[in-house]
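See structure below.
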Amino acid sequence: MALLSFTAASVAAQIAHARGCSTFLPNWNGPVGKPALILIVGTGVHLRSNGIDGTTTRIVTTERADPSHAFADGIDPFQDVDWMATRQAAFRDLTGQFYTDILDDVQMLIDRGHDTIRLATDGHTIRVFLRRAADYLIGGTYDVPSGLGGTFRVILKDATDTHAIVQNSGNCEDFDEMLPYRVPLDALIEIDDRRVA
């Protein structure tokens with residue numbers, strides 16, 4: 001999992017541009033009839049409006065693009081010397097354009113006054129990441145996907161803004177004897193959360 005951070009102001013400009021357009025870039029399924037955000041992984045990583053306003057009909061990847069790009073923190077080729085290494089750490093060799101369905105969720109955060117928009121991506125899905133390490137209770141009990149089709153019950157030992165260190169607890173004896181291990185922070189499931197693992 002990679003976590004990407006964007007300034008809310010730059011993303012708000014992209015949303016405003018998309019909402020100001022009446023035609024939109026198509027996605028893989030064909031024409032699109034509504035505003036959206038596209039995540040571009042290539043020369044840097046940035047969010048872009050899907051709107052076409054007559055000034056261009058393609059994704060522009062130059063510094064003079066209009067409207068300006070909303071680059072991910074640390075992955076801006078015009079500001080970050082090691083942007084390529086950071087991009088490769090997040091996406092390996094994956095590049096391309098990814099239509100998202102996050103516009104309304106991002107707008108809600110902007111309306112609530114958030115100054116940073118964070119997205120979680122695993123290369124297949126892109127979603128708004130709302131929680132931070134401080135939102136989780138160290139010593140608290142959570143479930144995490146097991147990779148075997150179910151979940152493990154765990155105790156949270158430590159957390160950063162991207163990952164958690166957990167210890168199995170309350171499962172069968174063999175699993176509970178495992179050493180603490182690291183999972184993506186957004187893999188922690190509240191005990192009363194009914195998400196599918």
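Each chain in the structure tokens gets a letter, A, B, ..., in the order shown, and its residues are numbered from 1; ligands are numbered from 1 in order too.
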Dump as JSON lines the rows for residues of region 90-129 of chain A within 12 Å of region 154-172 of chain A: closest atom pair and distance in Å with one decimal, only C-alpha atoms counted, ordered by chain and rising residue number.
{"residue": "A:Ala90", "atom": "CA", "partner": "A:Thr162", "partner_atom": "CA", "distance": 11.9}
{"residue": "A:Arg118", "atom": "CA", "partner": "A:Asp161", "partner_atom": "CA", "distance": 10.4}
{"residue": "A:Leu119", "atom": "CA", "partner": "A:Thr162", "partner_atom": "CA", "distance": 10.9}
{"residue": "A:Ala120", "atom": "CA", "partner": "A:Thr162", "partner_atom": "CA", "distance": 9.1}
{"residue": "A:Thr121", "atom": "CA", "partner": "A:Thr162", "partner_atom": "CA", "distance": 11.4}
{"residue": "A:Phe129", "atom": "CA", "partner": "A:Thr162", "partner_atom": "CA", "distance": 10.0}
According to DSSP computed on the backbone, where in region 70-179 of chain A is there strand (DSSP E or B)? Give the residues as a PyMOL selection string.
chain A and resi 70-71+96-99+116-121+126-128+141-145+151-159+163-168
Near Asp93 (chain A), counting only C-alpha atoms, which residues have an atom at most 12 Å away, once you skip same-chain residues fewer than 4 positions from it, shown as a PDB file with all heavy atoms, in the first residue's frame?
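Heads up, here's the output in around_20.pdb:
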ATOM      1  N   VAL A  41       0.279   8.600 -12.954  1.00  0.00           N
ATOM      2  CA  VAL A  41       1.562   8.092 -12.476  1.00  0.00           C
ATOM      3  C   VAL A  41       2.487   8.063 -13.689  1.00  0.00           C
ATOM      4  O   VAL A  41       2.250   7.308 -14.629  1.00  0.00           O
ATOM      5  CB  VAL A  41       1.424   6.678 -11.870  1.00  0.00           C
ATOM      6  CG1 VAL A  41       2.771   6.157 -11.399  1.00  0.00           C
ATOM      7  CG2 VAL A  41       0.416   6.678 -10.731  1.00  0.00           C
ATOM      8  N   GLY A  42       3.470   8.906 -13.682  1.00  0.00           N
ATOM      9  CA  GLY A  42       4.386   9.004 -14.820  1.00  0.00           C
ATOM     10  C   GLY A  42       5.493   9.965 -14.485  1.00  0.00           C
ATOM     11  O   GLY A  42       6.364   9.664 -13.672  1.00  0.00           O
ATOM     12  N   MET A  84      11.649  10.369  -8.625  1.00  0.00           N
ATOM     13  CA  MET A  84      11.514   9.091  -9.334  1.00  0.00           C
ATOM     14  C   MET A  84      11.661   7.903  -8.379  1.00  0.00           C
ATOM     15  O   MET A  84      10.904   6.940  -8.454  1.00  0.00           O
ATOM     16  CB  MET A  84      12.518   8.978 -10.474  1.00  0.00           C
ATOM     17  CG  MET A  84      12.242   7.764 -11.359  1.00  0.00           C
ATOM     18  SD  MET A  84      13.259   7.661 -12.832  1.00  0.00           S
ATOM     19  CE  MET A  84      12.567   8.974 -13.797  1.00  0.00           C
ATOM     20  N   ALA A  85      12.603   7.995  -7.454  1.00  0.00           N
ATOM     21  CA  ALA A  85      12.784   6.915  -6.482  1.00  0.00           C
ATOM     22  C   ALA A  85      11.545   6.795  -5.593  1.00  0.00           C
ATOM     23  O   ALA A  85      11.101   5.684  -5.270  1.00  0.00           O
ATOM     24  CB  ALA A  85      14.029   7.161  -5.636  1.00  0.00           C
ATOM     25  N   THR A  86      10.970   7.931  -5.213  1.00  0.00           N
ATOM     26  CA  THR A  86       9.762   7.922  -4.380  1.00  0.00           C
ATOM     27  C   THR A  86       8.592   7.328  -5.157  1.00  0.00           C
ATOM     28  O   THR A  86       7.810   6.538  -4.624  1.00  0.00           O
ATOM     29  CB  THR A  86       9.439   9.341  -3.900  1.00  0.00           C
ATOM     30  OG1 THR A  86      10.586   9.898  -3.269  1.00  0.00           O
ATOM     31  CG2 THR A  86       8.280   9.339  -2.928  1.00  0.00           C
ATOM     32  N   ARG A  87       8.480   7.698  -6.438  1.00  0.00           N
ATOM     33  CA  ARG A  87       7.412   7.133  -7.265  1.00  0.00           C
ATOM     34  C   ARG A  87       7.573   5.629  -7.402  1.00  0.00           C
ATOM     35  O   ARG A  87       6.612   4.869  -7.288  1.00  0.00           O
ATOM     36  CB  ARG A  87       7.403   7.780  -8.648  1.00  0.00           C
ATOM     37  CG  ARG A  87       6.193   7.345  -9.486  1.00  0.00           C
ATOM     38  CD  ARG A  87       6.401   7.564 -10.949  1.00  0.00           C
ATOM     39  NE  ARG A  87       7.331   6.565 -11.462  1.00  0.00           N
ATOM     40  CZ  ARG A  87       7.872   6.612 -12.666  1.00  0.00           C
ATOM     41  NH1 ARG A  87       7.608   7.612 -13.475  1.00  0.00           N
ATOM     42  NH2 ARG A  87       8.696   5.657 -13.062  1.00  0.00           N
ATOM     43  N   GLN A  88       8.798   5.161  -7.645  1.00  0.00           N
ATOM     44  CA  GLN A  88       9.028   3.732  -7.803  1.00  0.00           C
ATOM     45  C   GLN A  88       8.782   2.968  -6.502  1.00  0.00           C
ATOM     46  O   GLN A  88       8.291   1.843  -6.532  1.00  0.00           O
ATOM     47  CB  GLN A  88      10.440   3.476  -8.329  1.00  0.00           C
ATOM     48  CG  GLN A  88      10.572   3.869  -9.794  1.00  0.00           C
ATOM     49  CD  GLN A  88      11.984   3.733 -10.324  1.00  0.00           C
ATOM     50  OE1 GLN A  88      12.950   3.884  -9.586  1.00  0.00           O
ATOM     51  NE2 GLN A  88      12.095   3.472 -11.612  1.00  0.00           N
ATOM     52  N   ALA A  89       9.095   3.586  -5.363  1.00  0.00           N
ATOM     53  CA  ALA A  89       8.810   2.933  -4.087  1.00  0.00           C
ATOM     54  C   ALA A  89       7.304   2.750  -3.893  1.00  0.00           C
ATOM     55  O   ALA A  89       6.857   1.755  -3.328  1.00  0.00           O
ATOM     56  CB  ALA A  89       9.397   3.751  -2.936  1.00  0.00           C
ATOM     57  N   GLY A 123      -2.264  -0.142  -6.054  1.00  0.00           N
ATOM     58  CA  GLY A 123      -2.025  -0.428  -7.457  1.00  0.00           C
ATOM     59  C   GLY A 123      -3.278  -0.849  -8.197  1.00  0.00           C
ATOM     60  O   GLY A 123      -3.320  -0.811  -9.414  1.00  0.00           O
TER      61      GLY A 123
END
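Note that the spacing between CA of Val183 (chain A) and CA of Pro145 (chain A) amounts to 9.3 Å.
Using only C-alpha atoms, the shortest contact distance between Thr95 (chain A) and any of A:Leu130, A:Ile117, A:Val45, A:Leu188 is found at A:Val45.
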Could you find all residues in region 10-196 of chain A that DSSP calls alpha helix (DSSP H) from the backbone, and write them as a PyMOL selection string?
chain A and resi 10-19+83-91+103-111+173-176
Within 6 Å of Phe24 (chain A), counting only C-alpha atoms, which residues qualify if same-chain residues fewer than 4 places away don't, as JSON, numbers by chain?
{"A": [32, 50, 51, 52]}
Which residues are near region 101-113 of chain A? Cut-off 8 Å, only C-alpha atoms, ignore same chain within fewer than 4 positions. Put them as a VMD selection string.
chain A and resid 8 12 15 35 to 37 117 127 to 128
Using all heavy atoms, can you export the residues from the last selection as a JSON list (two decimals), in the first residue's frame?
[["chain", "number", "residue", "atom", "x", "y", "z"],
["A", 8, "ALA", "N", -4.77, 20.30, -0.13],
["A", 8, "ALA", "CA", -6.20, 20.40, -0.43],
["A", 8, "ALA", "C", -6.48, 21.50, -1.43],
["A", 8, "ALA", "O", -7.34, 21.36, -2.30],
["A", 8, "ALA", "CB", -6.97, 20.62, 0.87],
["A", 12, "ALA", "N", -8.52, 21.07, -4.79],
["A", 12, "ALA", "CA", -9.75, 21.86, -4.95],
["A", 12, "ALA", "C", -9.76, 22.56, -6.31],
["A", 12, "ALA", "O", -10.81, 22.67, -6.96],
["A", 12, "ALA", "CB", -9.87, 22.88, -3.82],
["A", 15, "ILE", "N", -10.79, 20.02, -8.87],
["A", 15, "ILE", "CA", -12.22, 19.74, -8.79],
["A", 15, "ILE", "C", -13.01, 20.89, -9.43],
["A", 15, "ILE", "O", -13.95, 20.65, -10.19],
["A", 15, "ILE", "CB", -12.65, 19.52, -7.32],
["A", 15, "ILE", "CG1", -12.06, 18.20, -6.80],
["A", 15, "ILE", "CG2", -14.17, 19.52, -7.19],
["A", 15, "ILE", "CD1", -12.29, 17.96, -5.32],
["A", 35, "PRO", "N", -17.92, 15.12, -13.87],
["A", 35, "PRO", "CA", -16.59, 15.48, -13.38],
["A", 35, "PRO", "C", -15.97, 14.36, -12.54],
["A", 35, "PRO", "O", -16.67, 13.63, -11.84],
["A", 35, "PRO", "CB", -16.85, 16.71, -12.50],
["A", 35, "PRO", "CG", -18.19, 17.19, -12.86],
["A", 35, "PRO", "CD", -18.96, 16.00, -13.36],
["A", 36, "ALA", "N", -14.65, 14.23, -12.63],
["A", 36, "ALA", "CA", -13.93, 13.23, -11.86],
["A", 36, "ALA", "C", -12.48, 13.67, -11.72],
["A", 36, "ALA", "O", -12.05, 14.64, -12.34],
["A", 36, "ALA", "CB", -14.00, 11.86, -12.53],
["A", 37, "LEU", "N", -11.74, 12.96, -10.89],
["A", 37, "LEU", "CA", -10.31, 13.17, -10.75],
["A", 37, "LEU", "C", -9.58, 11.97, -11.33],
["A", 37, "LEU", "O", -10.02, 10.83, -11.15],
["A", 37, "LEU", "CB", -9.93, 13.34, -9.27],
["A", 37, "LEU", "CG", -10.42, 14.61, -8.60],
["A", 37, "LEU", "CD1", -10.17, 14.56, -7.09],
["A", 37, "LEU", "CD2", -9.77, 15.84, -9.20],
["A", 117, "ILE", "N", -5.04, 16.17, 1.63],
["A", 117, "ILE", "CA", -5.85, 15.05, 1.16],
["A", 117, "ILE", "C", -4.90, 13.86, 1.02],
["A", 117, "ILE", "O", -3.87, 13.95, 0.36],
["A", 117, "ILE", "CB", -6.50, 15.36, -0.21],
["A", 117, "ILE", "CG1", -7.37, 16.62, -0.13],
["A", 117, "ILE", "CG2", -7.28, 14.15, -0.71],
["A", 117, "ILE", "CD1", -8.51, 16.55, 0.86],
["A", 127, "ARG", "N", -8.35, 5.05, -2.91],
["A", 127, "ARG", "CA", -9.42, 5.51, -2.02],
["A", 127, "ARG", "C", -8.91, 6.61, -1.10],
["A", 127, "ARG", "O", -7.71, 6.70, -0.84],
["A", 127, "ARG", "CB", -10.00, 4.35, -1.23],
["A", 127, "ARG", "CG", -9.04, 3.67, -0.31],
["A", 127, "ARG", "CD", -9.58, 2.34, 0.17],
["A", 127, "ARG", "NE", -8.66, 1.68, 1.05],
["A", 127, "ARG", "CZ", -7.57, 1.04, 0.65],
["A", 127, "ARG", "NH1", -7.26, 1.00, -0.62],
["A", 127, "ARG", "NH2", -6.78, 0.45, 1.51],
["A", 128, "VAL", "N", -9.82, 7.40, -0.62],
["A", 128, "VAL", "CA", -9.47, 8.45, 0.33],
["A", 128, "VAL", "C", -9.13, 7.79, 1.66],
["A", 128, "VAL", "O", -9.85, 6.89, 2.12],
["A", 128, "VAL", "CB", -10.64, 9.45, 0.49],
["A", 128, "VAL", "CG1", -10.29, 10.51, 1.50],
["A", 128, "VAL", "CG2", -10.99, 10.07, -0.86]]
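Pairwise distance (CA of Ile191 (chain A), CA of Thr100 (chain A)) equals 28.8 Å.
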Taking only C-alpha atoms into account, name the residue in A:Pro184, A:Glu190, A:Leu179, A:Ser49 that is nearest to Phe98 (chain A).
A:Ser49
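Between Leu39 (chain A) and the residues A:Ala16, A:Cys21, A:Val81, A:Leu4, the shortest atom-to-atom distance, using only C-alpha atoms, involves A:Leu4.
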Kindly give the distance, in Å, that separates CA of Phe78 (chain A) and CA of Val11 (chain A), rounded to a single decimal.
17.4 Å
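Between Ile189 (chain A) and the residues A:Glu177, A:Asp76, A:Gly139, A:Val144, the shortest atom-to-atom distance, using only C-alpha atoms, involves A:Val144.
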If we count only C-alpha atoms and set the cut-off at 6 Å, which residues sit around Ile75 (chain A), ignoring sequence neighbours fewer than 2 positions away in its own chain? Please answer as a list of chain:residue names.
A:Gly44, A:Val45, A:Ala72, A:Asp73, A:Trp83
Write the residues of the preceding selection, restricted to C-alpha atoms, as a short mmCIF file (atom, residue, chain, number, x, y, z; two decimals), in the first residue's frame.
data_model
loop_
_atom_site.label_atom_id
_atom_site.label_comp_id
_atom_site.auth_asym_id
_atom_site.auth_seq_id
_atom_site.Cartn_x
_atom_site.Cartn_y
_atom_site.Cartn_z
CA GLY A 44 5.69 12.53 -11.06
CA VAL A 45 2.36 11.55 -9.50
CA ALA A 72 1.74 14.29 -4.53
CA ASP A 73 4.09 15.41 -1.77
CA TRP A 83 10.85 12.11 -7.11
#
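If you measure from each of A:Ser146, A:Thr116, A:Thr43, A:Gln97 to Trp28 (chain A) using only C-alpha atoms, the closest one turns out to be A:Gln97.
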